[in-house]
>>> print(open('structure21.txt').read())   # compact mmCIF, C-alpha atoms
# COMPACT_ATOMS: atom_id res chain seq x y z
CA MET A 1 -29.09 169.81 -101.23
CA VAL A 2 -27.34 166.40 -101.25
CA VAL A 3 -28.68 163.15 -99.78
CA LEU A 4 -25.91 161.44 -97.77
CA THR A 5 -27.75 158.22 -96.94
CA GLU A 6 -28.68 156.82 -100.35
CA GLY A 7 -29.65 153.17 -100.00
CA PHE A 8 -31.23 153.55 -96.55
CA SER A 9 -34.95 153.20 -96.03
CA ALA A 10 -34.76 155.95 -93.37
CA ALA A 11 -32.14 157.94 -91.46
CA LYS A 12 -32.27 160.46 -88.62
CA ASP A 13 -30.45 161.94 -85.61
CA PRO A 14 -27.05 162.89 -87.09
CA SER A 15 -24.06 163.65 -84.86
CA VAL A 16 -20.96 165.12 -86.51
CA SER A 17 -17.61 164.02 -85.06
CA PHE A 18 -15.47 166.65 -83.36
CA ASP A 19 -13.00 166.65 -86.27
CA GLY A 20 -15.86 167.05 -88.78
CA ARG A 21 -14.86 163.98 -90.79
CA THR A 22 -17.58 161.44 -89.95
CA ILE A 23 -21.25 161.34 -88.97
CA LEU A 24 -23.01 158.96 -86.60
CA PHE A 25 -26.74 158.54 -87.25
CA ALA A 26 -29.69 156.25 -86.63
CA GLY A 27 -30.55 154.29 -89.76
CA ARG A 28 -32.85 151.64 -91.15
CA ALA A 29 -31.41 149.71 -94.08
CA GLY A 30 -34.83 148.12 -94.74
CA ALA A 31 -38.33 149.44 -94.11
CA THR A 32 -39.04 146.85 -91.39
CA ASP A 33 -35.60 146.93 -89.75
CA GLN A 34 -35.09 148.29 -86.26
CA TRP A 35 -33.26 151.57 -85.88
CA GLN A 36 -29.53 151.00 -85.39
CA ILE A 37 -26.43 153.19 -85.18
CA TRP A 38 -24.42 153.75 -88.37
CA GLN A 39 -21.43 155.85 -89.37
CA ILE A 40 -20.61 157.47 -92.71
CA ASP A 41 -17.92 159.83 -93.95
CA ARG A 42 -18.94 163.47 -94.29
CA ASP A 43 -19.62 162.92 -98.01
CA GLY A 44 -21.84 159.86 -97.36
CA ALA A 45 -19.17 157.31 -98.30
CA ASN A 46 -18.20 154.18 -96.36
CA PRO A 47 -21.40 153.39 -94.43
CA VAL A 48 -20.66 151.08 -91.48
CA LYS A 49 -23.11 149.67 -88.94
CA VAL A 50 -21.55 150.59 -85.61
CA LEU A 51 -24.00 149.00 -83.21
CA THR A 52 -26.88 146.53 -83.09
CA ASP A 53 -28.26 146.24 -79.56
CA GLY A 54 -31.43 144.15 -79.86
CA GLY A 55 -33.77 147.14 -79.69
CA ASN A 56 -34.27 150.43 -81.50
CA ALA A 57 -31.08 152.46 -81.08
CA THR A 58 -31.36 156.15 -81.99
CA ALA A 59 -29.99 159.64 -81.22
CA PRO A 60 -26.23 158.91 -81.17
CA LEU A 61 -24.10 161.69 -79.69
CA HIS A 62 -20.32 162.15 -79.73
CA VAL A 63 -19.14 162.79 -76.16
CA GLY A 64 -15.80 163.02 -74.39
CA SER A 65 -13.53 160.12 -73.49
CA LEU A 66 -13.99 157.95 -70.40
CA PHE A 67 -11.06 157.09 -68.14
CA HIS A 68 -10.64 154.65 -65.23
CA LEU A 69 -7.53 154.76 -63.05
CA ASP A 70 -6.40 151.34 -64.27
CA ASP A 71 -6.93 152.16 -67.98
CA GLU A 72 -3.87 152.47 -70.19
CA GLN A 73 -5.52 155.38 -71.99
CA PRO A 74 -8.93 157.11 -72.18
CA THR A 75 -11.62 155.44 -74.30
CA ARG A 76 -13.57 157.42 -76.90
CA ARG A 77 -17.31 156.95 -76.33
CA PHE A 78 -20.67 157.91 -77.75
CA VAL A 79 -24.08 158.03 -76.04
CA TYR A 80 -27.38 156.94 -77.62
CA LEU A 81 -31.00 156.08 -76.85
CA SER A 82 -32.36 152.55 -76.87
CA ASP A 83 -35.45 150.59 -75.83
CA ALA A 84 -33.55 147.27 -75.69
CA HIS A 85 -34.18 146.88 -71.95
CA GLY A 86 -37.89 146.17 -72.60
CA TRP A 87 -39.50 148.54 -70.08
CA ALA A 88 -42.79 150.33 -70.77
CA ASP A 89 -43.17 154.06 -70.35
CA PRO A 90 -45.95 154.10 -67.70
CA PHE A 91 -47.67 157.06 -69.37
CA THR A 92 -47.93 155.65 -72.90
CA GLY A 93 -47.45 151.89 -72.65
CA ALA A 94 -44.90 152.13 -75.48
CA ALA A 95 -41.32 150.98 -75.06
CA ALA A 96 -39.44 153.45 -72.87
CA THR A 97 -36.14 154.83 -74.11
CA ALA A 98 -33.09 155.11 -71.85
CA LEU A 99 -29.57 156.43 -72.25
CA TYR A 100 -26.81 154.00 -73.21
CA ALA A 101 -23.09 154.51 -73.89
CA ALA A 102 -20.61 152.54 -76.01
CA ASP A 103 -17.08 152.79 -77.37
CA LEU A 104 -16.85 154.57 -80.73
CA ASP A 105 -16.57 151.21 -82.52
CA GLY A 106 -19.82 150.03 -80.87
CA SER A 107 -18.17 147.72 -78.36
CA ASN A 108 -18.82 147.71 -74.60
CA PRO A 109 -22.38 149.08 -74.68
CA ARG A 110 -23.83 149.85 -71.26
CA ARG A 111 -27.10 151.32 -70.07
CA ILE A 112 -26.54 154.50 -68.04
CA SER A 113 -30.05 155.74 -67.11
CA PHE A 114 -32.71 153.81 -65.16
CA ASN A 115 -35.75 156.06 -65.08
CA LEU A 116 -39.13 154.25 -65.29
CA GLY A 117 -40.36 156.84 -67.80
CA SER A 118 -38.62 157.69 -71.07
CA ASP A 119 -35.40 159.66 -71.28
CA LEU A 120 -34.97 161.58 -74.54
CA ALA A 121 -32.10 162.63 -76.81
CA PRO A 122 -29.21 164.27 -74.89
CA ASP A 123 -26.67 166.95 -75.68
CA VAL A 124 -23.27 167.38 -74.06
CA LEU A 125 -21.83 170.32 -72.11
CA ASP A 126 -18.20 171.29 -72.66
CA ASN A 127 -17.36 169.84 -69.23
CA GLY A 128 -18.43 166.43 -70.58
CA ARG A 129 -21.74 166.11 -68.67
CA LEU A 130 -24.97 165.24 -70.45
CA VAL A 131 -28.19 167.25 -70.36
CA PHE A 132 -31.41 165.54 -71.47
CA PRO A 133 -35.21 165.59 -71.10
CA SER A 134 -36.52 162.98 -68.67
CA ARG A 135 -40.11 162.02 -67.83
CA ARG A 136 -40.81 162.30 -64.11
CA THR A 137 -43.25 160.31 -62.00
CA GLY A 138 -46.11 162.79 -62.56
CA GLY A 139 -45.80 162.58 -66.36
CA ARG A 140 -44.14 165.95 -67.05
CA PHE A 141 -40.61 166.22 -68.40
CA ALA A 142 -37.64 167.88 -66.72
CA VAL A 143 -34.15 168.70 -68.01
CA MET A 144 -31.66 166.56 -66.09
CA ALA A 145 -27.86 166.26 -66.04
CA LEU A 146 -25.76 163.08 -65.84
CA ASN A 147 -22.19 161.91 -66.27
CA ILE A 148 -21.44 159.71 -69.28
CA ASP A 149 -20.93 156.69 -66.99
CA GLY A 150 -24.43 157.08 -65.48
CA THR A 151 -23.32 158.70 -62.20
CA ASP A 152 -24.38 161.90 -60.45
CA LEU A 153 -27.90 162.40 -61.80
CA MET A 154 -29.42 165.77 -60.84
CA ALA A 155 -31.88 168.36 -62.11
CA TYR A 156 -30.24 170.81 -64.52
CA ALA A 157 -33.10 173.27 -65.00
CA ASP A 158 -35.91 173.85 -62.50
CA ALA A 159 -37.93 170.64 -62.67
CA HIS A 160 -41.04 172.25 -61.16
CA GLU A 161 -41.52 174.93 -63.81
CA GLY A 162 -42.13 175.04 -67.55
CA PRO A 163 -44.52 173.22 -69.89
CA THR A 164 -45.33 169.53 -69.51
CA TYR A 165 -43.30 168.43 -72.55
CA GLN A 166 -39.65 169.46 -72.82
CA ASN A 167 -38.67 167.39 -75.81
CA MET A 168 -35.34 168.73 -77.05
CA VAL A 169 -32.25 170.29 -75.49
CA THR A 170 -29.32 171.91 -77.31
CA VAL A 171 -26.16 173.28 -75.70
CA GLY A 172 -24.85 176.68 -76.74
CA GLU A 173 -21.81 178.64 -75.56
CA THR A 174 -23.69 180.46 -72.78
CA ARG A 175 -27.17 178.93 -72.88
CA VAL A 176 -28.97 175.61 -73.07
CA TYR A 177 -31.98 175.85 -75.40
CA ILE A 178 -35.15 173.85 -74.69
CA VAL A 179 -38.06 173.13 -77.06
CA SER A 180 -41.16 172.80 -74.90
CA ALA A 181 -44.96 172.74 -75.08
CA ASP A 182 -47.99 171.58 -73.10
CA SER A 183 -49.31 170.08 -76.36
CA PRO A 184 -46.41 169.45 -78.78
CA GLY A 185 -46.69 170.33 -82.46
CA PRO A 186 -45.63 168.21 -85.46
CA LEU A 187 -42.51 166.11 -84.78
CA GLY A 188 -42.55 167.36 -81.17
CA GLY A 189 -42.17 171.06 -82.00
CA GLY A 190 -42.93 173.78 -79.48
CA ALA A 191 -41.84 177.11 -78.05
CA LEU A 192 -38.16 177.99 -77.79
CA GLU A 193 -36.85 178.61 -74.27
CA TYR A 194 -33.41 178.76 -72.68
CA VAL A 195 -31.55 178.71 -69.37
CA ASP A 196 -28.27 180.51 -68.68
CA ARG A 197 -25.50 177.95 -68.16
CA ARG A 198 -24.13 179.93 -65.22
CA ARG A 199 -27.41 179.64 -63.26
CA PRO A 200 -29.61 177.05 -65.01
CA LEU A 201 -31.89 176.62 -61.99
CA ARG A 202 -32.77 180.32 -61.83
CA THR A 203 -32.83 181.71 -65.37
CA ARG A 204 -35.50 180.01 -67.49
CA ALA A 205 -36.77 182.43 -70.15
CA ALA A 206 -38.47 182.44 -73.56
CA SER A 207 -36.30 182.99 -76.63
CA ALA A 208 -39.13 182.69 -79.17
CA THR A 209 -42.62 181.75 -78.05
CA ALA A 210 -44.55 179.35 -80.25
CA GLY A 211 -47.29 181.87 -81.10
CA GLU A 212 -47.98 181.34 -84.78
CA LYS A 213 -45.04 178.96 -85.28
CA TRP A 214 -43.63 175.69 -84.00
CA PHE A 215 -39.86 175.44 -83.46
CA HIS A 216 -37.68 172.33 -83.68
CA SER A 217 -33.99 171.38 -83.16
CA PRO A 218 -32.25 174.72 -82.44
CA ARG A 219 -28.51 175.03 -83.22
CA PRO A 220 -26.55 177.96 -81.73
CA GLN A 221 -23.99 179.45 -84.12
CA ALA A 222 -20.57 180.98 -83.53
CA ASP A 223 -21.82 184.42 -84.64
CA GLY A 224 -24.43 184.43 -81.85
CA SER A 225 -27.40 183.64 -84.09
CA LEU A 226 -29.59 180.57 -83.83
CA VAL A 227 -30.32 178.16 -86.69
CA VAL A 228 -33.64 176.43 -86.02
CA SER A 229 -36.42 174.63 -87.88
CA SER A 230 -39.64 176.66 -88.02
CA LEU A 231 -43.18 175.67 -89.04
CA ALA A 232 -46.07 178.09 -89.52
CA LYS A 233 -49.18 176.78 -87.75
CA GLU A 234 -51.66 178.32 -90.18
CA ASP A 235 -50.72 176.79 -93.51
CA GLY A 236 -49.70 173.32 -92.27
CA SER A 237 -46.58 173.41 -94.43
CA ALA A 238 -43.29 171.67 -93.67
CA TYR A 239 -40.55 172.83 -91.31
CA ARG A 240 -38.07 175.15 -93.01
CA LEU A 241 -34.58 176.05 -91.83
CA VAL A 242 -34.21 179.66 -90.59
CA ARG A 243 -31.79 181.87 -88.72
CA LEU A 244 -33.17 183.73 -85.67
CA ASP A 245 -31.97 186.44 -83.34
CA PRO A 246 -32.00 184.51 -80.03
CA GLU A 247 -32.59 187.67 -78.00
CA THR A 248 -35.78 188.75 -79.76
CA GLY A 249 -36.85 185.68 -81.71
CA ALA A 250 -36.88 187.84 -84.86
CA LEU A 251 -36.32 186.12 -88.22
CA MET A 252 -32.93 187.04 -89.68
CA ALA A 253 -32.99 184.85 -92.80
CA THR A 254 -34.52 181.75 -94.38
CA ILE A 255 -31.72 179.27 -95.04
CA ALA A 256 -33.53 176.45 -96.85
CA GLU A 257 -36.95 174.96 -97.49
CA ALA A 258 -38.16 171.96 -99.50
CA ASP A 259 -41.72 171.50 -100.75
CA GLY A 260 -43.39 168.62 -98.91
CA PHE A 261 -40.34 167.78 -96.77
CA HIS A 262 -39.50 168.75 -93.19
CA LEU A 263 -36.00 170.19 -92.74
CA VAL A 264 -35.02 169.43 -89.13
CA ASP A 265 -32.00 168.64 -86.97
CA ALA A 266 -29.47 170.69 -88.92
CA HIS A 267 -25.76 170.30 -88.09
CA GLU A 268 -22.70 172.16 -89.34
CA LEU A 269 -20.19 169.92 -91.13
CA SER A 270 -17.03 171.42 -89.68
CA PRO A 271 -14.51 170.75 -86.90
CA ARG A 272 -15.39 171.94 -83.39
CA SER A 273 -13.81 171.89 -79.95
CA GLU A 274 -13.88 168.50 -78.28
CA VAL A 275 -15.63 168.35 -74.93
CA ARG A 276 -13.76 167.24 -71.83
CA GLY A 277 -13.44 163.60 -70.93
CA ARG A 278 -14.65 162.22 -67.60
CA SER A 279 -12.95 159.96 -65.09
CA SER A 280 -15.01 157.11 -63.64
CA PHE A 281 -14.95 154.90 -60.57
CA VAL A 282 -17.82 152.66 -61.77
CA ASN A 283 -16.98 148.98 -61.41
CA PRO A 284 -19.53 146.50 -62.89
CA GLU A 285 -18.19 143.75 -60.63
CA ILE A 286 -19.61 145.56 -57.58
CA ALA A 287 -23.39 145.19 -57.53
CA SER A 288 -24.29 148.09 -55.25
CA GLY A 289 -23.77 151.78 -54.56
CA VAL A 290 -24.23 154.24 -51.72
CA PHE A 291 -26.60 157.14 -51.05
CA PHE A 292 -25.99 159.57 -48.20
CA CYS A 293 -27.75 162.76 -47.13
CA ILE A 294 -26.18 165.47 -44.96
CA SER A 295 -29.55 166.55 -43.56
CA SER A 296 -33.07 165.90 -44.82
CA HIS A 297 -34.09 168.93 -42.69
CA ILE A 298 -32.56 171.29 -45.28
CA SER A 299 -34.88 172.47 -48.06
CA ASP A 300 -35.36 175.57 -50.23
CA ARG A 301 -39.09 174.87 -50.47
CA PRO A 302 -41.05 176.30 -47.50
CA GLU A 303 -43.78 173.69 -47.79
CA LEU A 304 -41.19 170.93 -47.34
CA ARG A 305 -38.97 172.49 -44.69
CA ASP A 306 -41.18 172.03 -41.61
CA ALA A 307 -42.51 168.68 -42.80
CA ALA A 308 -39.02 167.31 -43.39
CA ARG A 309 -37.90 168.37 -39.92
CA SER A 310 -40.71 166.35 -38.38
CA ALA A 311 -39.62 163.14 -40.14
CA THR A 312 -38.00 160.39 -38.10
CA GLN A 313 -37.88 157.57 -40.66
CA LEU A 314 -36.89 157.03 -44.30
CA ARG A 315 -38.67 154.65 -46.67
CA VAL A 316 -36.73 153.56 -49.75
CA ILE A 317 -38.90 152.43 -52.68
CA GLU A 318 -37.91 150.50 -55.80
CA GLY A 319 -39.94 151.06 -58.97
CA ILE A 320 -40.81 147.82 -60.79
CA PRO A 321 -41.00 148.18 -64.60
CA SER A 322 -43.76 146.71 -66.78
CA PRO A 323 -43.37 145.29 -70.32
CA PRO A 324 -44.52 147.46 -73.26
CA GLY A 325 -48.13 147.20 -74.44
CA PRO A 326 -50.73 148.95 -76.61
CA GLU A 327 -52.03 151.18 -73.81
CA ALA A 328 -50.69 153.17 -70.90
CA ALA A 329 -49.51 150.87 -68.14
CA ALA A 330 -51.34 150.40 -64.84
CA PRO A 331 -49.94 152.41 -61.89
CA SER A 332 -46.35 151.43 -61.24
CA THR A 333 -45.69 148.50 -58.93
CA ARG A 334 -43.38 149.51 -56.11
CA ARG A 335 -41.37 147.50 -53.64
CA THR A 336 -40.28 148.81 -50.26
CA LEU A 337 -36.57 148.07 -49.93
CA GLY A 338 -36.47 149.22 -46.33
CA ILE A 339 -37.66 151.60 -43.62
CA LEU A 340 -34.91 152.92 -41.38
CA PRO A 341 -34.50 155.65 -38.76
CA ILE A 342 -33.19 159.08 -39.73
CA GLU A 343 -30.45 160.45 -37.49
CA LYS A 344 -31.30 163.39 -35.23
CA ASP A 345 -29.37 165.74 -37.51
CA GLY A 346 -31.51 164.59 -40.47
CA SER A 347 -28.81 162.46 -42.08
CA PHE A 348 -28.98 158.96 -43.52
CA HIS A 349 -26.51 156.60 -45.20
CA ILE A 350 -27.64 153.55 -47.22
CA GLU A 351 -26.24 150.96 -49.60
CA ILE A 352 -28.62 149.70 -52.31
CA PRO A 353 -28.46 147.46 -55.39
CA ASP A 354 -27.10 149.30 -58.43
CA SER A 355 -28.97 150.22 -61.61
CA ILE A 356 -32.55 150.15 -60.29
CA PRO A 357 -35.01 153.08 -60.04
CA VAL A 358 -35.54 154.17 -56.44
CA ALA A 359 -37.35 157.01 -54.66
CA PHE A 360 -37.45 158.21 -51.05
CA GLU A 361 -40.27 159.02 -48.63
CA LEU A 362 -39.86 160.78 -45.29
CA LEU A 363 -42.10 159.32 -42.58
CA SER A 364 -43.30 160.52 -39.19
CA THR A 365 -42.90 158.41 -36.06
CA SER A 366 -46.37 156.95 -36.72
CA GLY A 367 -45.42 156.02 -40.30
CA ASP A 368 -47.32 158.79 -42.10
CA VAL A 369 -45.68 160.21 -45.25
CA VAL A 370 -44.59 163.83 -44.66
CA ALA A 371 -42.57 164.32 -47.88
CA ARG A 372 -42.08 162.39 -51.13
CA GLN A 373 -39.53 162.47 -53.92
CA ASP A 374 -41.17 163.03 -57.31
CA ASN A 375 -38.60 161.45 -59.60
CA TRP A 376 -36.70 158.18 -59.84
CA VAL A 377 -32.97 158.07 -59.12
CA TRP A 378 -30.33 155.32 -59.05
CA VAL A 379 -26.73 154.51 -58.25
CA MET A 380 -24.24 152.90 -60.60
CA PRO A 381 -21.99 150.03 -59.43
CA ARG A 382 -19.60 151.39 -56.76
CA GLU A 383 -21.05 154.92 -56.95
CA SER A 384 -21.12 156.90 -53.72
CA ARG A 385 -23.72 159.57 -54.17
CA GLY A 386 -24.64 162.33 -51.74
CA CYS A 387 -27.15 165.13 -51.38
CA VAL A 388 -27.27 168.10 -49.04
CA GLY A 389 -30.96 167.92 -48.13
CA CYS A 390 -34.55 167.49 -49.28
CA HIS A 391 -34.64 169.73 -52.39
CA GLU A 392 -31.87 171.97 -51.09
CA ASP A 393 -30.72 175.23 -52.71
CA ARG A 394 -27.74 174.09 -54.79
CA GLU A 395 -26.33 177.62 -54.89
CA MET A 396 -25.79 177.59 -51.12
CA VAL A 397 -22.82 176.06 -49.27
CA PRO A 398 -23.81 172.99 -47.18
CA PRO A 399 -23.28 172.97 -43.40
CA ASN A 400 -19.66 172.48 -42.34
CA ALA A 401 -20.33 169.49 -40.10
CA LEU A 402 -19.81 165.74 -40.13
CA ALA A 403 -23.22 164.12 -40.58
CA ASN A 404 -24.00 161.52 -37.91
CA ALA A 405 -25.01 158.83 -40.43
CA VAL A 406 -21.88 159.25 -42.54
CA ALA A 407 -19.72 158.49 -39.51
CA LYS A 408 -21.35 155.04 -39.38
CA PRO A 409 -21.39 152.15 -41.88
CA ALA A 410 -24.10 152.38 -44.53
CA VAL A 411 -27.35 150.51 -43.83
CA ARG A 412 -27.50 147.79 -46.46
CA LEU A 413 -30.80 147.40 -48.32
CA PRO A 414 -33.04 145.63 -49.03
CA LEU A 415 -34.02 144.85 -45.44
CA GLU A 416 -35.82 141.53 -45.78
CA ALA A 417 -38.19 142.37 -42.91
CA ASN A 418 -39.47 145.39 -44.85
CA LEU A 419 -39.86 143.87 -48.32
CA ALA A 420 -43.36 144.45 -49.64
CA GLU A 421 -44.93 145.12 -53.03
CA GLU A 422 -47.70 147.61 -53.63
CA THR A 423 -49.24 149.30 -56.64
CA GLY A 424 -49.65 153.03 -56.97
CA ASP A 425 -48.16 156.33 -57.98
CA PRO A 426 -45.03 157.15 -55.89
CA GLN A 427 -46.33 160.70 -55.61
>>> encode(input="structure21.txt", output="structure tokens")
Amino acid sequence: MVVLTEGFSAAKDPSVSFDGRTILFAGRAGATDQWQIWQIDRDGANPVKVLTDGGNATAPLHVGSLFHLDDEQPTRRFVYLSDAHGWADPFTGAAATALYAADLDGSNPRRISFNLGSDLAPDVLDNGRLVFPSRRTGGRFAVMALNIDGTDLMAYADAHEGPTYQNMVTVGETRVYIVSADSPGPLGGGALEYVDRRRPLRTRAASATAGEKWFHSPRPQADGSLVVSSLAKEDGSAYRLVRLDPETGALMATIAEADGFHLVDAHELSPRSEVRGRSSFVNPEIASGVFFCISSHISDRPELRDAARSATQLRVIEGIPSPPGPEAAAPSTRRTLGILPIEKDGSFHIEIPDSIPVAFELLSTSGDVVARQDNWVWVMPRESRGCVGCHEDREMVPPNALANAVAKPAVRLPLEANLAEETGDPQ
């Protein structure tokens, strides 16, 4: 075993480049330094600080290139976590982490997720989209998907099932693996679950239940096996690196262990296929984006379907962040950006400020809430984002009809007459 980061006080979260030649990682040169993004050669030579963003920057990830229509050529990017924006996670009071993206040389950093709770370390699908754990308004985590420019946020796995904590996601050839637990073990370990990439909303299953062990940082291998860190609960020892059969969870081999040291977050130092790049229409000079809904009457949840059909108004709520502190924050402050009528076919079409957390409530004619959204969403500058319904079945084709609201100009929010602040849980 060879240490690649001699001279660093601490290092974590490696990401091997697609050609296998370099490694991005989060490092601290001194014991009191903030975490920042560094790069080294595969043998540990030539350490270079890639990015300093004013906060703790961790979990770098090589992703595909980003391309705008007026670019001369695509730009190589990486994604990382940071708390530089200074928001508190409402459930802990600690600094919340969000997703950021930057060019490979560290230039042009930009925040790409705007959840009030923390978003955790992502992985990338071969189509270039990110999957990552995200804390929802009720405190539990869900696995979400997002483009590398911050657009098109949506649930990847069923956000209403599974344990409270879903701390790690890893992309395999046919599955996405999730480490989850109601009460996480050391370093966030838990049971090992997966979803099938063909039907991630319908196929959640256990690969290896925690039982007598905690699991951490799974890595699917080309031969179909799974390299993962495993810790026996009984003896309180350190995580060791093992190879599992992902179908049965059976131990195939112990790869490495080190007395008194956790072995976690293993990566293979070899070339791999590059993921696809993504085109982008995001324009930072435009300070708004659009939401539209084909019909809020459509839902795959019976308890929502009838309620949503009775709604006649939409309330759009902005979540107001708090600064970090030693304790969990008070209930989130919310601001009503506007209340507007829903079209008879259930559609709506709004323009809102970009890069702020928002949620929707469906209201009756008398103003009573009949349905609420249980996670924060946002639009990026110039994004036009649509949904079929109120928690619709994404495996079904939407109605082949022009929604009434979409045939009209978007209602621009905030509506000054509706602006109001209140404190409370958006659920």
>>> closest_residue(input="structure21.txt", among="A:Ala308, A:Ala142, A:Leu51, A:Ala401", to="Glu161 of chain A", atoms="all atoms listed in the file")
A:Ala142
>>> residues_around(input="structure21.txt", residues="Leu81 of chain A", least_positions_apart="5", cutoff="12 Å", atoms="only C-alpha atoms", output="PyMOL selection string")
chain A and resi 13+25-26+35-37+51+53+55-61+95-102+109-113+118-123+132-133
>>> write_last_selection(input="structure21.txt", atoms="C-alpha atoms", output="PDB file, in the frame of the given file")
ATOM      1  CA  ASP A  13     -30.450 161.940 -85.610  1.00  0.00           C
ATOM      2  CA  PHE A  25     -26.740 158.540 -87.250  1.00  0.00           C
ATOM      3  CA  ALA A  26     -29.690 156.250 -86.630  1.00  0.00           C
ATOM      4  CA  TRP A  35     -33.260 151.570 -85.880  1.00  0.00           C
ATOM      5  CA  GLN A  36     -29.530 151.000 -85.390  1.00  0.00           C
ATOM      6  CA  ILE A  37     -26.430 153.190 -85.180  1.00  0.00           C
ATOM      7  CA  LEU A  51     -24.000 149.000 -83.210  1.00  0.00           C
ATOM      8  CA  ASP A  53     -28.260 146.240 -79.560  1.00  0.00           C
ATOM      9  CA  GLY A  55     -33.770 147.140 -79.690  1.00  0.00           C
ATOM     10  CA  ASN A  56     -34.270 150.430 -81.500  1.00  0.00           C
ATOM     11  CA  ALA A  57     -31.080 152.460 -81.080  1.00  0.00           C
ATOM     12  CA  THR A  58     -31.360 156.150 -81.990  1.00  0.00           C
ATOM     13  CA  ALA A  59     -29.990 159.640 -81.220  1.00  0.00           C
ATOM     14  CA  PRO A  60     -26.230 158.910 -81.170  1.00  0.00           C
ATOM     15  CA  LEU A  61     -24.100 161.690 -79.690  1.00  0.00           C
ATOM     16  CA  ALA A  95     -41.320 150.980 -75.060  1.00  0.00           C
ATOM     17  CA  ALA A  96     -39.440 153.450 -72.870  1.00  0.00           C
ATOM     18  CA  THR A  97     -36.140 154.830 -74.110  1.00  0.00           C
ATOM     19  CA  ALA A  98     -33.090 155.110 -71.850  1.00  0.00           C
ATOM     20  CA  LEU A  99     -29.570 156.430 -72.250  1.00  0.00           C
ATOM     21  CA  TYR A 100     -26.810 154.000 -73.210  1.00  0.00           C
ATOM     22  CA  ALA A 101     -23.090 154.510 -73.890  1.00  0.00           C
ATOM     23  CA  ALA A 102     -20.610 152.540 -76.010  1.00  0.00           C
ATOM     24  CA  PRO A 109     -22.380 149.080 -74.680  1.00  0.00           C
ATOM     25  CA  ARG A 110     -23.830 149.850 -71.260  1.00  0.00           C
ATOM     26  CA  ARG A 111     -27.100 151.320 -70.070  1.00  0.00           C
ATOM     27  CA  ILE A 112     -26.540 154.500 -68.040  1.00  0.00           C
ATOM     28  CA  SER A 113     -30.050 155.740 -67.110  1.00  0.00           C
ATOM     29  CA  SER A 118     -38.620 157.690 -71.070  1.00  0.00           C
ATOM     30  CA  ASP A 119     -35.400 159.660 -71.280  1.00  0.00           C
ATOM     31  CA  LEU A 120     -34.970 161.580 -74.540  1.00  0.00           C
ATOM     32  CA  ALA A 121     -32.100 162.630 -76.810  1.00  0.00           C
ATOM     33  CA  PRO A 122     -29.210 164.270 -74.890  1.00  0.00           C
ATOM     34  CA  ASP A 123     -26.670 166.950 -75.680  1.00  0.00           C
ATOM     35  CA  PHE A 132     -31.410 165.540 -71.470  1.00  0.00           C
ATOM     36  CA  PRO A 133     -35.210 165.590 -71.100  1.00  0.00           C
TER      37      PRO A 133
END
>>> atom_distance(input="structure21.txt", atom1="atom CA of Gly30 of chain A", atom2="atom CA of Gly54 of chain A")
15.8 Å
>>> closest_atom_pairs(input="structure21.txt", of="segment 116-158 of chain A", to="segment 390-395 of chain A", cutoff="12 Å", atoms="all atoms listed in the file", output="JSON lines")
{"residue": "A:Met154", "atom": "CA", "partner": "A:Arg394", "partner_atom": "CA", "distance": 10.4}
{"residue": "A:Ala155", "atom": "CA", "partner": "A:Arg394", "partner_atom": "CA", "distance": 10.2}
{"residue": "A:Tyr156", "atom": "CA", "partner": "A:Arg394", "partner_atom": "CA", "distance": 10.6}
{"residue": "A:Ala157", "atom": "CA", "partner": "A:Arg394", "partner_atom": "CA", "distance": 11.6}
{"residue": "A:Asp158", "atom": "CA", "partner": "A:His391", "partner_atom": "CA", "distance": 11.0}
>>> closest_residue(input="structure21.txt", among="A:Arg335, A:Arg28, A:Arg199, A:His262", to="Leu415 of chain A", atoms="all atoms listed in the file")
A:Arg335
>>> residues_around(input="structure21.txt", residues="segment 356-361 of chain A", least_positions_apart="4", cutoff="8 Å", atoms="all atoms listed in the file", output="VMD selection string")
chain A and resid 114 to 116 314 to 320 369 to 379 426
